[in-house]
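All remarks here apply to the structure that follows.
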Amino acid sequence: MLSLHHNLFPTKPKTLTFSTPFKPHFPNTTLKPPKAQKPNSTTTTTQSLLQYNRKPQLSGETPRVVVITSGKGGVGKTTTTANVGLSLARLGFSVVAIDADVGLRNLDLLLGLENRVNYTVVEVLNGDCRLDQALVRDKRWSNFELLCISKPRSKLPIGFGGKALVWVVDALKARQEGSPDFIIIDCPAGIDAGFITAITPANEAVLVTTPDITSLRDADRVTGLLECDGIRDIKMIVNRDSEVIRSTNRGFPLVLNKPPTLAGLAFEQAAWRLVEQDSMKAVMVEEEPKKRGFFSFFGG
């Protein structure tokens, strides 16, 4: 089931409790409360708190520079970057997602944009192209853009580090068409030089983890490193959803699924809470429990 934490707001906003399936939130769209349905043995009722009839109010100074990190690999950092980024774009905010994983980039694959990346930050720094040429605009949501640090299996120049990424972020802020509302940085795994480079320009972080003890210990370690770097606004996403694998293979983010999945709804909730900088500390991305039959006792 999907676990959403309560006591999320200083004052209780107008909320709606409903059962899935439901129509997801889009800008300038009013959601009407559906008719109540009684749960039975063949349907699973999912309770979810969703504010409706308004767009979330952007809090803080823009652009908001958010790093998606974890320390441990394979927990869903890139998946979170793709889904939260597109959710923000669907809510009407301009977003630039930066894939900072040098040589092992995957964000373009999850977004289905792998065939449209012609230039990267390395070419921009070398003077081979302009910054706007390296930005890849999503055709589904024109206010979402992708920027890759380097090409697959390539190595960065020795001089590339946190200062170079800060320059990239400053260049995005100074664009003629205007600064984006959000700059989201997909951090590489580990806590080595790539991690330090990715967190340098950020002023807030989303920590992705899974419920296993090794991932939680790494998350605790990364939290300390982020705080030492001056990042105090740290939120957490706990990910344990198998639907992510199918989404990854298709290059189609979960939040675009129709009807929406439980994991997609959780990512949309995370994006909403990120916008308003509320008191949320953790979101659970969890799959719907599978039906258990008689032969499940024997492993079937």
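By convention here, the chains of the structure tokens are called A, B, ... in the order presented, each chain's residues are numbered starting at 1, and ligands are numbered starting at 1 in the order presented.
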
### Task
Step one, run DSSP on the backbone; step two, keep only residues of stretch 190-261 of chain A assigned to alpha helix (DSSP H); then write them as a PyMOL selection string.
chain A and resi 193-199+213-228+243-250

### Message
Using only C-alpha atoms, which protein or nucleic acid residues come within 7 Å of stretch 269-274 of chain A? Drop anything in the same chain fewer than 3 positions from it, and give the result as a ChimeraX atom specification.
### Response
/A:56,84,87-88,265-266,277-278,280,283

Per residue of stretch 118-167 of chain A within 10 Å of stretch 183-205 of chain A, what are the shortest atom pair and its distance in Å to one decimal, counting only C-alpha atoms, with rows by chain and residue number, as JSON lines?
{"residue": "A:Glu145", "atom": "CA", "partner": "A:Ile183", "partner_atom": "CA", "distance": 9.6}
{"residue": "A:Leu146", "atom": "CA", "partner": "A:Ile184", "partner_atom": "CA", "distance": 9.6}
{"residue": "A:Leu147", "atom": "CA", "partner": "A:Ile185", "partner_atom": "CA", "distance": 9.5}
{"residue": "A:Cys148", "atom": "CA", "partner": "A:Asp186", "partner_atom": "CA", "distance": 9.8}
{"residue": "A:Phe160", "atom": "CA", "partner": "A:Thr197", "partner_atom": "CA", "distance": 8.5}
{"residue": "A:Gly161", "atom": "CA", "partner": "A:Thr197", "partner_atom": "CA", "distance": 5.2}
{"residue": "A:Gly162", "atom": "CA", "partner": "A:Thr197", "partner_atom": "CA", "distance": 4.1}
{"residue": "A:Lys163", "atom": "CA", "partner": "A:Thr200", "partner_atom": "CA", "distance": 7.7}
{"residue": "A:Ala164", "atom": "CA", "partner": "A:Thr197", "partner_atom": "CA", "distance": 8.5}
{"residue": "A:Leu165", "atom": "CA", "partner": "A:Pro201", "partner_atom": "CA", "distance": 6.8}
{"residue": "A:Val166", "atom": "CA", "partner": "A:Pro201", "partner_atom": "CA", "distance": 5.1}
{"residue": "A:Trp167", "atom": "CA", "partner": "A:Pro201", "partner_atom": "CA", "distance": 8.8}

#### Entry: Contacts of stretch 62-64 of chain A at 10 Å (only C-alpha atoms; same-chain gap of 2+ positions) as a PyMOL selection string
chain A and resi 58-60+66-67+94-96+169-170+172-173+179-184+202-204+274-275
